[in-house]
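Coordinates from final-v1.pdb are shown below (PDB, C-alpha atoms).
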ATOM      1  CA  VAL A 341     216.300 245.601  41.856
ATOM      2  CA  ALA A 342     217.270 248.447  44.149
ATOM      3  CA  GLN A 343     219.754 249.745  41.648
ATOM      4  CA  GLU A 344     217.174 249.987  38.914
ATOM      5  CA  PHE A 345     214.619 252.055  40.749
ATOM      6  CA  LEU A 346     216.833 253.785  43.283
ATOM      7  CA  ALA A 347     220.507 253.786  42.573
ATOM      8  CA  THR A 348     220.518 255.026  39.011
ATOM      9  CA  ALA A 349     217.610 257.426  39.512
ATOM     10  CA  PRO A 350     218.863 260.534  41.386
ATOM     11  CA  SER A 351     216.530 261.555  44.186
ATOM     12  CA  ARG A 352     216.091 265.234  44.911
ATOM     13  CA  ALA A 353     212.964 265.638  46.971
ATOM     14  CA  PHE A 354     212.330 264.763  50.577
ATOM     15  CA  GLY A 355     208.714 265.369  51.499
ATOM     16  CA  VAL A 356     206.006 264.901  54.053
ATOM     17  CA  PRO A 357     203.046 264.196  51.767
ATOM     18  CA  PRO A 358     199.556 265.672  51.863
ATOM     19  CA  ARG A 359     196.943 263.491  53.483
ATOM     20  CA  ALA A 360     193.508 264.078  54.961
ATOM     21  CA  THR A 361     193.767 263.825  58.730
ATOM     22  CA  ALA A 362     191.394 263.795  61.666
ATOM     23  CA  MET A 363     192.557 265.057  65.044
ATOM     24  CA  LEU A 364     196.161 264.688  63.908
ATOM     25  CA  ARG A 365     199.061 266.380  65.624
ATOM     26  CA  SER A 366     202.213 264.982  64.097
ATOM     27  CA  LEU A 367     205.664 266.288  64.841
ATOM     28  CA  VAL A 368     208.333 265.525  62.277
ATOM     29  CA  GLY A 369     211.597 265.950  64.091
ATOM     30  CA  LEU A 370     215.093 265.061  62.976
ATOM     31  CA  GLY A 371     215.049 263.959  59.355
ATOM     32  CA  CYS A 372     218.108 262.338  57.830
ATOM     33  CA  LEU A 373     219.012 260.832  54.463
ATOM     34  CA  SER A 374     222.480 259.301  54.376
ATOM     35  CA  SER A 375     224.658 256.420  53.245
ATOM     36  CA  ALA A 376     226.326 253.947  55.565
ATOM     37  CA  SER A 377     229.704 255.427  54.558
ATOM     38  CA  GLY A 378     228.803 258.438  56.680
ATOM     39  CA  LYS A 379     227.909 260.957  53.975
ATOM     40  CA  VAL A 380     224.736 262.840  54.845
ATOM     41  CA  TYR A 381     222.725 263.863  51.789
ATOM     42  CA  PHE A 382     219.959 265.582  53.706
ATOM     43  CA  SER A 383     219.367 266.509  57.341
ATOM     44  CA  GLU A 384     216.830 268.762  59.039
ATOM     45  CA  THR A 385     216.232 269.701  62.670
ATOM     46  CA  PHE A 386     213.737 272.503  61.908
ATOM     47  CA  GLY A 387     215.790 275.195  63.546
ATOM     48  CA  ASP A 388     215.823 278.868  62.541
ATOM     49  CA  GLY A 389     215.085 279.499  58.880
ATOM     50  CA  TRP A 390     213.396 276.155  58.181
ATOM     51  CA  GLU A 391     210.628 277.933  56.237
ATOM     52  CA  GLY A 392     213.188 278.966  53.629
ATOM     53  CA  ARG A 393     214.437 275.396  53.207
ATOM     54  CA  TRP A 394     211.021 273.828  52.744
ATOM     55  CA  THR A 395     208.256 274.466  50.201
ATOM     56  CA  LEU A 396     204.615 274.226  51.210
ATOM     57  CA  SER A 397     202.353 272.176  48.977
ATOM     58  CA  LYS A 398     199.521 274.095  47.324
ATOM     59  CA  TRP A 399     197.972 270.938  45.905
ATOM     60  CA  LYS A 400     194.751 271.383  47.909
ATOM     61  CA  ASP A 401     194.659 275.191  48.138
ATOM     62  CA  SER A 402     191.957 275.543  45.483
ATOM     63  CA  GLU A 403     189.682 273.195  47.443
ATOM     64  CA  GLY A 404     190.230 275.039  50.700
ATOM     65  CA  THR A 405     191.391 271.855  52.457
ATOM     66  CA  ALA A 406     195.125 272.585  52.752
ATOM     67  CA  GLY A 407     196.357 272.571  56.345
ATOM     68  CA  LYS A 408     198.860 274.859  58.036
ATOM     69  CA  TRP A 409     202.224 273.896  59.525
ATOM     70  CA  GLU A 410     203.849 275.502  62.539
ATOM     71  CA  ALA A 411     207.139 275.034  64.378
ATOM     72  CA  SER A 412     206.592 273.607  67.852
ATOM     73  CA  ALA A 413     208.104 271.285  70.431
ATOM     74  CA  GLY A 414     204.618 270.005  71.192
ATOM     75  CA  LYS A 415     202.955 269.470  74.530
ATOM     76  CA  TRP A 416     205.727 267.336  75.994
ATOM     77  CA  PHE A 417     209.416 267.984  75.482
ATOM     78  CA  ARG A 418     212.786 267.953  77.227
ATOM     79  CA  ASP A 419     214.155 271.130  75.678
ATOM     80  CA  ASP A 420     211.882 273.642  73.945
ATOM     81  CA  ALA A 421     214.559 274.639  71.419
ATOM     82  CA  GLU A 422     216.229 271.293  70.765
ATOM     83  CA  ASP A 423     212.987 269.330  70.489
ATOM     84  CA  VAL A 424     211.264 271.635  68.000
ATOM     85  CA  GLY A 425     209.662 270.092  64.927
ATOM     86  CA  ILE A 426     206.963 271.066  62.469
ATOM     87  CA  GLN A 427     203.430 270.348  63.514
ATOM     88  CA  THR A 428     200.130 270.082  61.670
ATOM     89  CA  ALA A 429     198.156 272.933  63.174
ATOM     90  CA  GLN A 430     194.607 272.039  62.042
ATOM     91  CA  ASP A 431     192.346 269.014  62.083
ATOM     92  CA  SER A 432     190.844 267.302  59.046
ATOM     93  CA  ARG A 433     193.116 268.843  56.433
ATOM     94  CA  PHE A 434     195.657 267.812  53.798
ATOM     95  CA  PHE A 435     199.266 268.541  54.692
ATOM     96  CA  GLY A 436     202.257 268.548  52.382
ATOM     97  CA  ILE A 437     205.722 270.042  52.490
ATOM     98  CA  SER A 438     208.963 269.206  50.678
ATOM     99  CA  ALA A 439     212.655 270.086  50.528
ATOM    100  CA  GLY A 440     215.358 269.358  47.958
ATOM    101  CA  PHE A 441     218.903 268.014  48.043
ATOM    102  CA  ASP A 442     221.693 267.329  45.579
ATOM    103  CA  ALA A 443     221.376 264.318  43.302
ATOM    104  CA  PHE A 444     223.253 261.189  44.383
ATOM    105  CA  SER A 445     223.509 257.466  43.699
ATOM    106  CA  ASN A 446     223.314 254.761  46.338
ATOM    107  CA  LYS A 447     224.817 252.128  44.032
ATOM    108  CA  GLY A 448     227.066 249.844  46.067
ATOM    109  CA  LYS A 449     226.195 251.620  49.319
ATOM    110  CA  GLU A 450     223.728 251.296  52.155
ATOM    111  CA  LEU A 451     221.135 254.060  52.101
ATOM    112  CA  ILE A 452     219.557 255.141  55.390
ATOM    113  CA  VAL A 453     216.328 257.128  55.635
ATOM    114  CA  GLN A 454     215.467 258.179  59.171
ATOM    115  CA  TYR A 455     213.010 260.556  60.808
ATOM    116  CA  GLN A 456     211.048 261.131  63.988
ATOM    117  CA  ALA A 457     207.272 261.490  64.344
ATOM    118  CA  LYS A 458     204.975 262.162  67.292
ATOM    119  CA  TYR A 459     201.169 262.050  67.388
ATOM    120  CA  GLU A 460     199.705 264.148  70.186
ATOM    121  CA  LYS A 461     196.192 263.160  69.174
ATOM    122  CA  ASP A 462     194.913 259.860  67.868
ATOM    123  CA  VAL A 463     194.449 259.595  64.119
ATOM    124  CA  GLU A 464     191.132 258.536  62.629
ATOM    125  CA  CYS A 465     192.400 258.572  59.063
ATOM    126  CA  GLY A 466     195.812 259.860  58.104
ATOM    127  CA  GLY A 467     199.480 259.182  57.615
ATOM    128  CA  GLY A 468     202.736 260.538  59.009
ATOM    129  CA  TYR A 469     204.988 259.136  56.309
ATOM    130  CA  VAL A 470     207.721 260.641  54.165
ATOM    131  CA  LYS A 471     208.461 260.293  50.467
ATOM    132  CA  VAL A 472     211.848 260.386  48.752
ATOM    133  CA  GLY A 473     211.654 261.048  45.036
ATOM    134  CA  PRO A 474     213.025 262.750  41.942
ATOM    135  CA  ALA A 475     213.318 266.499  41.506
ATOM    136  CA  MET A 476     210.092 268.431  40.942
ATOM    137  CA  SER A 477     209.840 271.304  38.479
ATOM    138  CA  ASP A 478     207.378 273.007  40.844
ATOM    139  CA  ALA A 479     207.502 271.875  44.464
ATOM    140  CA  THR A 480     204.224 273.658  45.269
ATOM    141  CA  THR A 481     202.388 270.955  43.275
ATOM    142  CA  PHE A 482     203.630 268.203  45.584
ATOM    143  CA  GLY A 483     200.735 265.821  46.308
ATOM    144  CA  ASP A 484     199.440 262.268  45.965
ATOM    145  CA  PRO A 485     200.041 262.146  42.178
ATOM    146  CA  THR A 486     203.706 263.215  42.542
ATOM    147  CA  PRO A 487     206.114 260.396  41.552
ATOM    148  CA  TYR A 488     208.425 259.090  44.258
ATOM    149  CA  ASN A 489     211.054 256.372  44.796
ATOM    150  CA  ILE A 490     210.341 255.503  48.435
ATOM    151  CA  MET A 491     207.355 256.041  50.716
ATOM    152  CA  PHE A 492     207.958 255.171  54.352
ATOM    153  CA  GLY A 493     206.093 255.672  57.626
ATOM    154  CA  PRO A 494     202.918 255.102  59.642
ATOM    155  CA  ASP A 495     199.468 255.141  58.043
ATOM    156  CA  LYS A 496     196.046 254.526  59.550
ATOM    157  CA  CYS A 497     192.447 254.730  58.398
ATOM    158  CA  GLY A 498     189.787 253.175  60.600
ATOM    159  CA  TYR A 499     190.780 249.655  61.564
ATOM    160  CA  THR A 500     193.457 249.501  58.849
ATOM    161  CA  LYS A 501     196.819 250.553  60.253
ATOM    162  CA  ARG A 502     200.371 249.760  59.199
ATOM    163  CA  THR A 503     203.813 251.174  58.644
ATOM    164  CA  HIS A 504     204.100 251.716  54.913
ATOM    165  CA  LEU A 505     207.177 250.835  52.899
ATOM    166  CA  ILE A 506     206.514 251.316  49.191
ATOM    167  CA  PHE A 507     209.080 251.246  46.408
ATOM    168  CA  SER A 508     208.512 252.630  42.934
ATOM    169  CA  TYR A 509     209.567 250.208  40.219
ATOM    170  CA  LYS A 510     209.211 250.885  36.495
ATOM    171  CA  GLY A 511     206.564 253.545  37.144
ATOM    172  CA  LYS A 512     204.513 251.385  39.514
ATOM    173  CA  ASN A 513     204.253 251.907  43.272
ATOM    174  CA  VAL A 514     204.745 248.465  44.812
ATOM    175  CA  LEU A 515     203.479 247.757  48.340
ATOM    176  CA  LYS A 516     205.036 245.172  50.611
ATOM    177  CA  LYS A 517     203.186 241.849  50.452
ATOM    178  CA  GLN A 518     202.792 241.747  54.248
ATOM    179  CA  ASP A 519     202.190 244.935  56.253
ATOM    180  CA  LEU A 520     204.786 246.193  58.696
ATOM    181  CA  PRO A 521     203.495 246.712  62.269
ATOM    182  CA  TYR A 522     201.942 250.025  63.278
ATOM    183  CA  LYS A 523     203.687 251.558  66.299
ATOM    184  CA  GLN A 524     202.237 255.078  66.278
ATOM    185  CA  GLU A 525     199.607 254.463  68.939
ATOM    186  CA  ASN A 526     197.984 257.257  70.924
ATOM    187  CA  GLU A 527     200.490 257.668  73.735
ATOM    188  CA  GLY A 528     201.919 261.030  72.688
ATOM    189  CA  THR A 529     205.572 259.994  72.523
ATOM    190  CA  SER A 530     208.042 260.373  69.664
ATOM    191  CA  HIS A 531     208.957 257.376  67.516
ATOM    192  CA  LEU A 532     212.119 256.982  65.463
ATOM    193  CA  TYR A 533     211.674 255.418  62.017
ATOM    194  CA  ARG A 534     214.734 254.046  60.241
ATOM    195  CA  LEU A 535     214.955 252.393  56.827
ATOM    196  CA  VAL A 536     218.203 250.768  55.688
ATOM    197  CA  LEU A 537     218.368 249.865  52.003
ATOM    198  CA  LYS A 538     221.323 247.605  51.200
ATOM    199  CA  PRO A 539     223.208 246.999  47.917
ATOM    200  CA  ASP A 540     222.213 243.298  47.907
ATOM    201  CA  ASN A 541     218.541 244.289  47.497
ATOM    202  CA  THR A 542     217.674 243.622  51.134
ATOM    203  CA  VAL A 543     215.944 245.993  53.526
ATOM    204  CA  ARG A 544     215.969 246.518  57.279
ATOM    205  CA  VAL A 545     213.289 248.537  59.070
ATOM    206  CA  GLU A 546     213.621 249.693  62.655
ATOM    207  CA  ILE A 547     211.161 251.585  64.836
ATOM    208  CA  ASP A 548     212.622 253.015  68.024
ATOM    209  CA  GLU A 549     215.840 251.079  67.248
ATOM    210  CA  GLU A 550     213.920 247.786  67.337
ATOM    211  CA  LYS A 551     214.009 245.671  64.195
ATOM    212  CA  VAL A 552     210.504 245.108  62.826
ATOM    213  CA  TYR A 553     211.542 243.694  59.452
ATOM    214  CA  GLU A 554     214.578 242.442  57.563
ATOM    215  CA  GLY A 555     214.311 240.730  54.222
ATOM    216  CA  SER A 556     214.577 240.776  50.443
ATOM    217  CA  ILE A 557     212.899 243.218  48.085
ATOM    218  CA  LYS A 558     212.736 240.499  45.445
ATOM    219  CA  GLU A 559     210.905 238.142  47.807
ATOM    220  CA  ASP A 560     208.599 240.495  49.722
ATOM    221  CA  TRP A 561     207.656 243.024  47.029
ATOM    222  CA  GLU A 562     206.205 242.044  43.659
ATOM    223  CA  VAL A 563     208.797 243.945  41.672
ATOM    224  CA  LEU A 564     209.906 241.073  39.441
ATOM    225  CA  LYS A 565     207.877 238.820  37.204
ATOM    226  CA  PRO A 566     207.314 235.310  38.637
ATOM    227  CA  LYS A 567     209.762 232.566  37.678
ATOM    228  CA  GLU A 568     206.884 230.421  36.405
ATOM    229  CA  ILE A 569     203.569 231.313  34.791
ATOM    230  CA  SER A 570     200.568 229.374  33.539
ATOM    231  CA  ASP A 571     201.049 228.085  29.990
ATOM    232  CA  PRO A 572     198.677 230.204  27.857
ATOM    233  CA  ASP A 573     198.609 227.435  25.221
ATOM    234  CA  ASP A 574     197.578 224.722  27.660
ATOM    235  CA  LYS A 575     193.866 223.960  27.341
ATOM    236  CA  LYS A 576     191.582 221.877  29.509
ATOM    237  CA  PRO A 577     190.727 218.545  27.798
ATOM    238  CA  ASP A 578     187.099 218.156  26.755
ATOM    239  CA  ASP A 579     186.754 214.920  28.733
ATOM    240  CA  TRP A 580     188.356 216.316  31.907
ATOM    241  CA  VAL A 581     186.394 215.349  35.028
ATOM    242  CA  ASP A 582     186.136 218.019  37.732
ATOM    243  CA  ASP A 583     184.034 216.084  40.269
ATOM    244  CA  SER A 584     185.904 213.820  42.658
ATOM    245  CA  MET A 585     182.660 212.141  43.790
ATOM    246  CA  MET A 586     179.761 210.712  41.771
ATOM    247  CA  ASP A 587     176.380 209.025  42.228
ATOM    248  CA  ASP A 588     176.636 205.255  42.668
ATOM    249  CA  PRO A 589     175.012 203.837  39.512
ATOM    250  CA  GLU A 590     174.305 200.562  41.393
ATOM    251  CA  ASP A 591     172.392 202.274  44.169
ATOM    252  CA  LYS A 592     168.620 202.139  43.734
ATOM    253  CA  LYS A 593     165.804 203.568  45.795
ATOM    254  CA  PRO A 594     164.019 200.769  47.682
ATOM    255  CA  ALA A 595     160.601 199.903  46.273
ATOM    256  CA  ASP A 596     158.934 200.478  49.666
ATOM    257  CA  TRP A 597     160.580 203.829  50.278
ATOM    258  CA  VAL A 598     158.057 206.405  51.529
ATOM    259  CA  ASP A 599     158.400 209.681  49.611
ATOM    260  CA  GLU A 600     157.908 213.269  50.760
ATOM    261  CA  ASP A 601     154.301 213.354  49.585
ATOM    262  CA  GLN A 602     153.514 210.567  52.076
ATOM    263  CA  LYS A 603     155.186 212.208  55.026
ATOM    264  CA  ARG A 604     151.736 212.845  56.553
ATOM    265  CA  ILE A 605     148.884 210.316  56.381
ATOM    266  CA  VAL A 606     145.251 210.116  57.466
ATOM    267  CA  ASP A 607     144.818 208.923  61.028
ATOM    268  CA  GLU A 608     142.787 205.735  60.458
ATOM    269  CA  THR A 609     142.102 205.368  64.176
ATOM    270  CA  ALA A 610     140.302 208.691  64.384
ATOM    271  CA  LYS A 611     136.511 208.497  64.779
ATOM    272  CA  LYS A 612     133.891 211.042  64.005
ATOM    273  CA  PRO A 613     132.605 212.553  67.282
ATOM    274  CA  ASP A 614     129.096 211.445  68.261
ATOM    275  CA  ASP A 615     127.928 215.048  68.617
ATOM    276  CA  TRP A 616     129.232 216.068  65.168
ATOM    277  CA  ASP A 617     126.501 217.841  63.171
ATOM    278  CA  ASP A 618     127.216 217.785  59.454
ATOM    279  CA  GLU A 619     124.767 220.592  58.761
ATOM    280  CA  GLU A 620     126.273 222.908  61.379
ATOM    281  CA  ASP A 621     129.872 221.682  61.505
ATOM    282  CA  GLY A 622     130.369 220.686  57.866
ATOM    283  CA  GLU A 623     131.550 217.393  56.476
ATOM    284  CA  TRP A 624     133.802 215.607  58.944
ATOM    285  CA  GLU A 625     137.330 214.672  57.826
ATOM    286  CA  ALA A 626     139.762 212.490  59.709
ATOM    287  CA  PRO A 627     142.874 214.399  60.936
ATOM    288  CA  MET A 628     146.374 213.857  59.519
ATOM    289  CA  LYS A 629     149.327 212.390  61.441
ATOM    290  CA  ASP A 630     153.042 211.765  60.878
ATOM    291  CA  ASN A 631     153.732 208.668  58.826
ATOM    292  CA  PRO A 632     155.858 206.341  60.975
ATOM    293  CA  ALA A 633     157.201 204.702  57.805
ATOM    294  CA  TYR A 634     158.645 207.956  56.483
ATOM    295  CA  LYS A 635     162.457 207.966  56.758
ATOM    296  CA  GLY A 636     163.211 211.254  55.076
ATOM    297  CA  GLU A 637     164.203 212.201  51.550
ATOM    298  CA  TRP A 638     166.108 209.488  49.703
ATOM    299  CA  TYR A 639     169.531 210.304  48.240
ATOM    300  CA  VAL A 640     171.608 208.137  45.996
ATOM    301  CA  LYS A 641     174.852 207.001  47.592
ATOM    302  CA  ARG A 642     177.990 208.899  46.599
ATOM    303  CA  ILE A 643     181.190 207.093  45.652
ATOM    304  CA  SER A 644     184.673 208.111  44.499
ATOM    305  CA  ASN A 645     184.759 208.994  40.832
ATOM    306  CA  PRO A 646     187.260 206.677  39.084
ATOM    307  CA  ALA A 647     187.569 209.134  36.190
ATOM    308  CA  TYR A 648     188.625 212.011  38.452
TER
END
Give the structure from the file, written as structure tokens.
Amino acid sequence: VAQEFLATAPSRAFGVPPRATAMLRSLVGLGCLSSASGKVYFSETFGDGWEGRWTLSKWKDSEGTAGKWEASAGKWFRDDAEDVGIQTAQDSRFFGISAGFDAFSNKGKELIVQYQAKYEKDVECGGGYVKVGPAMSDATTFGDPTPYNIMFGPDKCGYTKRTHLIFSYKGKNVLKKQDLPYKQENEGTSHLYRLVLKPDNTVRVEIDEEKVYEGSIKEDWEVLKPKEISDPDDKKPDDWVDDSMMDDPEDKKPADWVDEDQKRIVDETAKKPDDWDDEEDGEWEAPMKDNPAYKGEWYVKRISNPAY
């Protein structure tokens, strides 16, 4: 599976995708794309000259909603120079930026995608994920519609929050069946995201060097057709019985059963008051009372259906 949509398709773009954000301050620090053999295909620490290595997305420029990036170590850091990253500098904007690398194949090798992200403000709706995909003819068009091979990282909108891991397979972006945990809570510290894609079509995901998932692409992503399907030629028989229970044909309502219309009866013990004046008070009528013989609505007894 991995070989079909990753190994034989050279990847040449490493991008932080555009996404509407609210009160987002994300720092993307050390980014690395490598194989387990030790060859590094892409690495970025956002030192001097990073602007020349990365291309800003203009996907949302015409709408006036494109956000600005700036190099910064953020509010909290150990070393101002060593801890520098790129930071989203505005709230409620779309942010996108990408960089290229030489084509490669991960066939027969472990592929590692790793990067660091820090939120200095909580996110109402936004993502701090990266995408690895094929070469783009114009990197300034990088946006949501841009094809990719892998999408990986934290995403949150309202109460929905997860760490995304999406693989592209035969032109379809396939989400993991069960969400990975969201670790990018509002504590202002950096988190290290690591994805290890193995030749046997298994995946390992670590956040801050803690394993949060390890399993099979074939089992946990719907990339392959199911082994069994419903027979399209199989039809439901005309005499098929769907009801497991049925009315008991032997059960009959008792002859003395009091129905709903007799729930209330005239109080035969009531007497017309001595001072009742028919001309002034109108014709006297005895009041109604609950019928003590009423036992409720009658239902036929239910039994197991032998034809079910």
Counting only C-alpha atoms, the option among A:Pro646, A:Asp615, A:Glu550, A:Lys447 closest to Asp587 in chain A:
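Ranking A:Pro646, A:Asp615, A:Glu550, A:Lys447 by distance to Asp587 in chain A, first place goes to A:Pro646.
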Have a look at CA of Asp578 in chain A and CA of Asn645 in chain A and let me know their distance in Å, one decimal.
17.0 Å
Excluding range 504-513 of chain A and its own-chain neighbours fewer than 6 positions away, which residues fall within 8 Å of it when counting all atoms listed in the file? Please give them as a list in words.
Glu344, Phe345, Tyr469, Tyr488, Asn489, Ile490, Met491, Phe492, Gly493, Pro494, Asp495, Asp519, Leu520 and Val563 of chain A
Rounded to one decimal place, report the CA of Phe386 in chain A-CA of Phe482 in chain A distance in Å.
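CA of Phe482 in chain A lies at a distance of 19.7 Å from CA of Phe386 in chain A.
Candidate residues A:Asp607, A:Asp579, A:Glu527, A:Asp419 were compared for distance to Tyr459 in chain A, and the nearest is A:Glu527, using all atoms listed in the file.
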Using CA of Val606 in chain A and CA of Pro594 in chain A as the two end points, give the distance in Å to one decimal.
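Result for CA of Val606 in chain A versus CA of Pro594 in chain A: 23.1 Å, one decimal.
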Selection result for the PyMOL selection byres ((chain A and resi 528-530) around 7) on this file, as a VMD selection string:
chain A and resid 456 to 460 526 to 527 531 to 532
Picked residues, the PyMOL selection byres ((chain A and resi 544-548) around 6), as a PyMOL selection string
chain A and resi 531-536+543+549-554
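Every protein or nucleic acid residue with an atom no more than 10 Å from Lys635 in chain A, counting all atoms listed in the file and leaving out same-chain residues fewer than 3 positions away, appears here: Trp597, Val598, Asp599, Glu600, Lys603, Asn631, Pro632 and Trp638 of chain A.
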The PyMOL selection byres ((chain A and resi 407) around 8) resolved against shown file, as a short mmCIF file (atom, residue, chain, number, x, y, z; two decimals) with C-alpha atoms, in the coordinates of the input:
data_model
loop_
_atom_site.label_atom_id
_atom_site.label_comp_id
_atom_site.auth_asym_id
_atom_site.auth_seq_id
_atom_site.Cartn_x
_atom_site.Cartn_y
_atom_site.Cartn_z
CA THR A 405 191.39 271.86 52.46
CA ALA A 406 195.12 272.58 52.75
CA LYS A 408 198.86 274.86 58.04
CA TRP A 409 202.22 273.90 59.52
CA THR A 428 200.13 270.08 61.67
CA ALA A 429 198.16 272.93 63.17
CA GLN A 430 194.61 272.04 62.04
CA ASP A 431 192.35 269.01 62.08
CA ARG A 433 193.12 268.84 56.43
CA PHE A 434 195.66 267.81 53.80
CA PHE A 435 199.27 268.54 54.69
#
Neighbour list for Lys501 in chain A as a ChimeraX atom specification, cut-off 12 Å, only C-alpha atoms, skip fewer than 2 positions in-chain:
/A:463-468,493-499,503-504,519-525
For Met585 in chain A, which residue among A:Lys565, A:Lys611, A:Arg604, A:Arg642 is the nearest when counting all atoms listed in the file?
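Among the listed residues, A:Arg642 lies closest to Met585 in chain A.
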Restricting the calculation to all atoms listed in the file: of A:Trp390, A:Phe417, A:Tyr381, A:Tyr648, which residue gets closest to Val581 in chain A?
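The answer is A:Tyr648, which sits nearest to Val581 in chain A.
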Please determine an axis-aligned box that encloses all atoms of range 572-586 of chain A listed in the file, with 6 Å added on each side, and express its centre and edge lengths in Å to one decimal as JSON.
{"center_x": 189.2, "center_y": 220.5, "center_z": 34.5, "size_x": 30.9, "size_y": 31.5, "size_z": 30.6}
List every protein, DNA or RNA residue that has at least one atom no more than 9 Å from (214.1, 270.1, 54.6) in the file's coordinates, counting all atoms listed in the file, and write the result as a VMD selection string.
chain A and resid 353 to 355 371 382 to 386 390 to 395 437 to 441
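Contact shell of Trp624 in chain A at 12 Å (all atoms listed in the file; same-chain neighbours under 2 positions omitted): Ala610, Lys611, Lys612, Pro613, Asp614, Asp615, Trp616, Asp617, Asp618, Glu619, Glu620, Asp621, Gly622, Ala626 and Pro627 of chain A.
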Please write as a VMD selection string the list of polymer residues whose atoms come within 10 Å of (209.2, 273.7, 67.6), counting only C-alpha atoms and keeping to the coordinates of the file.
chain A and resid 367 to 369 385 to 388 410 to 414 417 419 to 427
Nearest-residue call for Val453 in chain A, choices A:Pro485, A:Ala647, A:Val472, A:Lys517, using only C-alpha atoms:
A:Val472
